[in-house]
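*Asks:* I have a structure here, written as structure tokens, and I will follow up with some questions on it.
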Amino acid sequence: MEYANWSIYSLENDVEKRQSHNALFTVGNGYFGIRGFFEEDTIGEVGNGGIYIAGINGDGVDKRAVFEGKRRDLCNVMNVLRLHIFVDGNQLNGVDGISNFRRELDMQGAVYTRCYRYNDRLNVTLSRFADMADVHRIRQDATLVADETMDLTIRALIDSNVTNLNYESCEPMPIQPGVNHIVSREVGTDSIVTLLDDEDSTRVFAGQQIMLTVNDIAVEGSIYNDDGISGREWNISLKAGDKVALCKLVAVYTDKDGADSEQKIGQFLTSKIDWDKVDAAHKNCWAERWATCDIQVDSDTDDQTALRYDLFELMCVCPTHTDRVSIGARGLTGEMYEGCVFWDNEIFQLPFFTFTDPASARRMLAWRYHGLDAARRYAQYNWFDGAMYPWESCEKGREQTALEGGGFYAIHIIADIAYAIRQYLSVTGDNAFILEMGAEVLMETARFWASRADYSEWDGHWHINAVRGPNEYDVFVNDSAYTNTLAALNLRTAAETLTKIKAEAPAKFVELCAKTDFDFSETEKWLTIADGLYICYDEKRHLIAEDANYFNRRPLDLNRAKPTAKRIIDSTMNYEWLAVYQITKQSDVVTLMCLLPELFSEAHQLAAYEYYEPRTAHDSSLSYAPYAWLAARLGKAEQAYEYFKNCAYLDIADIKLNTISGLHFANFGGTWQVAVFGFGGASFNDGKLIVTPKLPQAWNGMTYHLICHGVTVEVKITKTTVTVTAQGGDLPVCVAGKDAVLSDENSTITVKL
């Protein structure tokens, strides 16, 4: 992979790497995710393209029983970008006759481009973007310049003859033709309606408008319809130097977009397209977004580009059009995990949006609120109170983990959601969200913990037994430090929030009590449990145990257990063996230190880092960021930077060897946290922005942006100074130990380091 300031590009047309690179060159707008597939490919698995729509799922291939309904699969929808190109009767396929190949992702303008020469006769350039100004649209362009006389045929098509890329999205993860979720299709003129096999019998409506010119003169095409295909065809005789330019705009709606989706496609097909305006509006949207989130790095490395790539893909998958979907573990870039949303979203991805795009963070938290009833039903099913949010959540908020698959144990997700609400309120001051949605979620999650914790007469503590923390190699344990600490925070936050609402918004409090049958006396038990939850702690070593039995397990030789980059469970050991050993997939305790540094002394943090680091296999993409973040805070600059590089380049370099199945969005969010919270030294507590930089040696400086309580902040760090500038209101800051209040009249502070 090659790096430029605002782009990544590849000069390789390696068929074996095709699908991995297809994931890497994904563009999106929160509604669509479009892998970087070749429009000309029609044969075999590469012919299936790879276009996903947020919240559009098919009937799951995995037929194991789940809590409610059926498992669901992220659906590869019809290929609305199919191109057939024939030169003198020979069809281009993206492989044969190709030279001067280049594919590039422009992250500033959010455009994916490919170009090549075909048989040294024809120059081909293809580009596309998912429109950020109107998320229902995709633009595609093709330019072909002839070097000699030839007969050219072009077909611009919508093709519903696709399957998913994977039949099963699990290890091992080859790409192979998968299940067909399209039950039926209705082909019209420049449009297709497909019916999916999901429980809602969802229809997907697609239409296209096309302009084709030869030497800037418009040429009309003929209708081209085939089995499951709708489009246009042009047959053109070219001379040397002739230029063909095709502009195509696609619109897609589904039943989930409203009852008028079919009508909207009809309106689109008869509308007049201002092609320049489409481009400009898309670029303006991206310029506005980059203005509040870009990180500028002064370095001789490729870190600038890698960081921008990670942030770009996070923005590509962020739903700006609705609060009825969120971000899955692999986003809209691949089918692994079936599009499900995990704890990754709240702990790793959401902070990026909370600090740079709070409106999007609010929508994603609102999505959790919309899933509250499903979480209540799941808690009742498992004999608990309150809300038990699922480990793997489909777009409807239902648990997708098979009943025997461990969702019963992986309950820290519930406290993770409460943590995200707490952080969002702290950073944004959005009290309206708490009154409308957040307080009810906090209440019901606290009720869950109150019913899940058990009091022991033996030691006088409360315990949460039989859980699975972020370290999934523990299978299930008692008194996970991560789970218990965040559960206690959940209980306290709920009690504090409801106490405040009772005092400051009594009418809302009465309404909430009536809706949820809540008695304020419940908060007394919550606080008692929070104060009594047991954390296993070695006072001599200042060391918090991952769980109640971690110190009692035997050491594991990681060189023997993990001889290659593959995960331990894919190479040398199975889950049943792991319970014997001190082995951590990703460190719960190190992550906990990052999330709640105010609870732990530097001695605690140092002891945790030095103890768990040699015991961590890093068999999860979530592992590198917490280690980088904590290492930076502890002044372990070299180690912090090495872990940062694993984060920043994880997908670009395919470090985990599974980018083919989709990008790692939690890692992208983790990369941002390492850069801003770790190297940039930012934190926000009690209404004050604190900046204590920890630049790596490889960087001469960095600039990043935040939004805190509606105030837009720029932080510029060099080796010798740090400058903080605020616009839009008053903001207390502490910059390298110096306190100030920034305002419109006194908007900047510079402190020497």
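Letters A, B, ... mark the chains of the structure tokens in the order given; residue numbers begin at 1 per chain; ligand numbers begin at 1, in order shown.
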Restrict the calculation to only C-alpha atoms, then for each residue of segment 335-423 of chain A with any atom at most 12 Å from an atom of segment 696-717 of chain A give the closest atom pair and their distance in Å to one decimal, rows by chain and rising residue number, as CSV.
*Replies:*
```
residue,atom,partner,partner_atom,distance
A:Pro351,CA,A:Leu706,CA,10.8
A:Phe352,CA,A:Leu706,CA,9.2
A:Phe353,CA,A:Ile707,CA,9.6
A:Thr354,CA,A:Ile707,CA,8.1
A:Phe355,CA,A:Ile707,CA,5.3
A:Thr356,CA,A:Leu706,CA,5.2
A:Asp357,CA,A:Ile707,CA,7.5
A:Pro358,CA,A:Ile707,CA,7.8
A:Ala359,CA,A:Gly710,CA,10.8
A:Gln423,CA,A:Cys708,CA,11.3
```
*Asks:* Based on DSSP run over this structure's backbone, return all residues of segment 405-557 of chain A in helix (DSSP H, G or I), as a ChimeraX atom specification.
*Replies:* /A:412-428,431-452,472-474,481-504,506-516,522-532,550-552
*Asks:* Near Phe205 of chain A, within 12 Å and counting only C-alpha atoms, which residues show up once chain neighbours fewer than 2 positions away are dropped, as a VMD selection string?
*Replies:* chain A and resid 53 77 to 78 80 136 to 137 158 160 185 to 188 190 to 196 202 to 203 207 to 208 250 to 266 268 to 269
*Asks:* Where does segment 228-335 of chain A meet segment 84-102 of chain A within 12 Å, residue by residue, with the nearest atom pair and distance in Å to one decimal for each, counting only C-alpha atoms, listed by chain and rising number, as CSV?
*Replies:*
```
residue,atom,partner,partner_atom,distance
A:Ile229,CA,A:His84,CA,11.8
A:Gly231,CA,A:His84,CA,10.5
A:Arg232,CA,A:His84,CA,10.3
A:Glu233,CA,A:His84,CA,9.0
A:Trp234,CA,A:Ile85,CA,9.8
A:Asn235,CA,A:Phe86,CA,9.3
A:Ile236,CA,A:Val87,CA,10.0
A:Ser237,CA,A:Asp88,CA,9.5
A:Leu238,CA,A:Val87,CA,10.1
A:Val244,CA,A:Ile85,CA,11.8
A:Leu246,CA,A:Ile85,CA,11.9
```
*Asks:* Selection from above, N, CA and C atoms, as a short mmCIF file (atom, residue, chain, number, x, y, z; two decimals), in the first residue's frame, can you write it?
*Replies:*
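The resulting again.cif:
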```cif
data_model
loop_
_atom_site.label_atom_id
_atom_site.label_comp_id
_atom_site.auth_asym_id
_atom_site.auth_seq_id
_atom_site.Cartn_x
_atom_site.Cartn_y
_atom_site.Cartn_z
N ILE A 229 -31.76 -7.90 -14.54
CA ILE A 229 -30.87 -6.79 -14.88
C ILE A 229 -31.66 -5.70 -15.58
N GLY A 231 -30.94 -1.68 -17.37
CA GLY A 231 -29.91 -0.69 -17.66
C GLY A 231 -30.00 -0.11 -19.04
N ARG A 232 -28.88 0.44 -19.47
CA ARG A 232 -28.76 1.08 -20.77
C ARG A 232 -27.53 0.55 -21.50
N GLU A 233 -27.58 0.57 -22.84
CA GLU A 233 -26.48 0.07 -23.66
C GLU A 233 -26.15 1.09 -24.75
N TRP A 234 -24.83 1.23 -25.01
CA TRP A 234 -24.34 2.07 -26.10
C TRP A 234 -23.37 1.26 -26.94
N ASN A 235 -23.51 1.36 -28.26
CA ASN A 235 -22.57 0.76 -29.21
C ASN A 235 -21.95 1.90 -30.01
N ILE A 236 -20.64 2.08 -29.85
CA ILE A 236 -19.97 3.27 -30.37
C ILE A 236 -18.72 2.86 -31.14
N SER A 237 -18.52 3.47 -32.29
CA SER A 237 -17.27 3.30 -33.04
C SER A 237 -16.36 4.48 -32.72
N LEU A 238 -15.17 4.16 -32.23
CA LEU A 238 -14.25 5.21 -31.80
C LEU A 238 -13.05 5.30 -32.72
N VAL A 244 -14.88 8.93 -24.26
CA VAL A 244 -16.23 8.59 -23.81
C VAL A 244 -16.32 8.89 -22.32
N LEU A 246 -19.05 8.70 -19.06
CA LEU A 246 -20.34 8.24 -18.55
C LEU A 246 -20.50 8.74 -17.12
#
```
*Asks:* Could you state the separation of atom CA of Gln349 of chain A and atom CA of Gly328 of chain A in Å, given to one decimal place?
*Replies:*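 One can read the atom CA of Gln349 of chain A to atom CA of Gly328 of chain A distance as 10.1 Å.
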*Asks:* Just the number, please: distance in Å from atom CA of Gln582 of chain A to atom CA of Phe551 of chain A, one decimal.
*Replies:*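 According to the coordinates, atom CA of Gln582 of chain A and atom CA of Phe551 of chain A are separated by 7.4 Å.
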*Asks:* Work out how far atom CA of Asp294 of chain A is from atom CA of Asn29 of chain A, in Å to one decimal.
*Replies:*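 That distance, rounded to one decimal, is 17.3 Å.
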*Asks:* Considering only strand (DSSP E) as DSSP defines it on the backbone, what residues of segment 471-660 of chain A qualify? List them as a list in words.
*Replies:*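 Strand (DSSP E) assignments inside segment 471-660 of chain A correspond to Tyr537, Asp538, Leu543 and Ile544 of chain A.
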*Asks:* Export N, CA and C atoms of the chosen residues as a CSV table (one decimal), in the first residue's frame?
*Replies:*
```csv
chain,number,residue,atom,x,y,z
A,537,TYR,N,-7.9,-7.6,44.8
A,537,TYR,CA,-6.8,-6.6,44.8
A,537,TYR,C,-5.6,-7.1,45.6
A,538,ASP,N,-4.4,-7.1,45.1
A,538,ASP,CA,-3.2,-7.4,45.8
A,538,ASP,C,-2.5,-6.1,46.2
A,543,LEU,N,-1.9,-4.2,42.7
A,543,LEU,CA,-2.3,-4.9,41.4
A,543,LEU,C,-3.8,-5.4,41.5
A,544,ILE,N,-4.6,-4.9,40.6
A,544,ILE,CA,-6.0,-5.4,40.5
A,544,ILE,C,-6.0,-6.7,39.7
```
*Asks:* Can you pull out every residue within 7 Å of segment 365-375 of chain A, counting only C-alpha atoms, but drop anything in the same chain fewer than 5 positions away, and send it as a PyMOL selection string?
*Replies:* chain A and resi 323-326+387-390+396-398+437+441
*Asks:* Find the residue from A:Leu558, A:Ala65, A:Val741, A:Ala415 that sits nearest to Thr483 of chain A; use only C-alpha atoms when measuring.
*Replies:*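 Comparing A:Leu558, A:Ala65, A:Val741, A:Ala415 against Thr483 of chain A, the winner is A:Ala415.
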*Asks:* Please list as an mmCIF file with C-alpha atoms, in the first residue's frame every residue within 9 Å of Phe520 of chain A, counting only C-alpha atoms and excluding residues in the same chain fewer than 5 positions away.
*Replies:*
```cif
data_model
loop_
_atom_site.group_PDB
_atom_site.id
_atom_site.type_symbol
_atom_site.label_atom_id
_atom_site.label_comp_id
_atom_site.auth_asym_id
_atom_site.auth_seq_id
_atom_site.Cartn_x
_atom_site.Cartn_y
_atom_site.Cartn_z
ATOM 1 C CA ALA A 495 -28.877 7.025 41.381
ATOM 2 C CA LEU A 498 -32.553 10.255 39.139
ATOM 3 C CA THR A 499 -31.813 12.257 42.280
ATOM 4 C CA CYS A 513 -41.876 6.820 37.808
#
```
*Asks:* Give me the residues near Asn215 of chain A as a PDB file with C-alpha atoms, in the first residue's frame, where near means some atom within 9 Å (using only C-alpha atoms) and where sequence neighbours in that chain fewer than 5 positions away do not count.
*Replies:*
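Result file follows (part_21.pdb):
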```pdb
ATOM      1  CA  ASP A 242     -11.947   9.870 -28.882  1.00  0.00           C
ATOM      2  CA  LYS A 243     -13.157  10.259 -25.288  1.00  0.00           C
ATOM      3  CA  VAL A 244     -16.229   8.594 -23.814  1.00  0.00           C
ATOM      4  CA  ALA A 245     -17.551   9.939 -20.497  1.00  0.00           C
TER       5      ALA A 245
END
```
*Asks:* Excluding Leu332 of chain A and any residue of its chain fewer than 5 positions from it, enumerate the residues within 10 Å of it, using only C-alpha atoms, and give them as a PyMOL selection string.
*Replies:* chain A and resi 23+26-35+50-55+74-76+313+316-318+327+338-339+662-663+665
*Asks:* Between A:Phe67, A:Tyr424, A:Phe38, A:Phe348, which is the closest to Thr125 of chain A once you count only C-alpha atoms?
*Replies:*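 Selected residue with least distance to Thr125 of chain A: A:Phe38.
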*Asks:* Using only C-alpha atoms, can you tell me which of A:Tyr419, A:Tyr112, A:Trp577, A:Tyr627 comes closest to Leu596 of chain A?
*Replies:*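 Ranked by minimum distance to Leu596 of chain A, first place goes to A:Tyr419.
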*Asks:* Pick from A:Trp449, A:Tyr612, A:Tyr643, A:Phe668: nearest to Ser587 of chain A, with only C-alpha atoms counted?
*Replies:*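 That would be A:Tyr612, the residue with the smallest distance to Ser587 of chain A.
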*Asks:* In terms of the shortest atom-to-atom distance over only C-alpha atoms, which of A:Thr428, A:Gln19, A:Asn57, A:Gln639 is closest to Glu395 of chain A?
*Replies:*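 Result for the nearest residue to Glu395 of chain A: A:Asn57.
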*Asks:* I'd like to know which of A:Lys525, A:Lys752, A:Arg330, A:Arg615 is closest to Lys562 of chain A, using only C-alpha atoms.
*Replies:*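 Distance minimum relative to Lys562 of chain A lands on A:Arg615.
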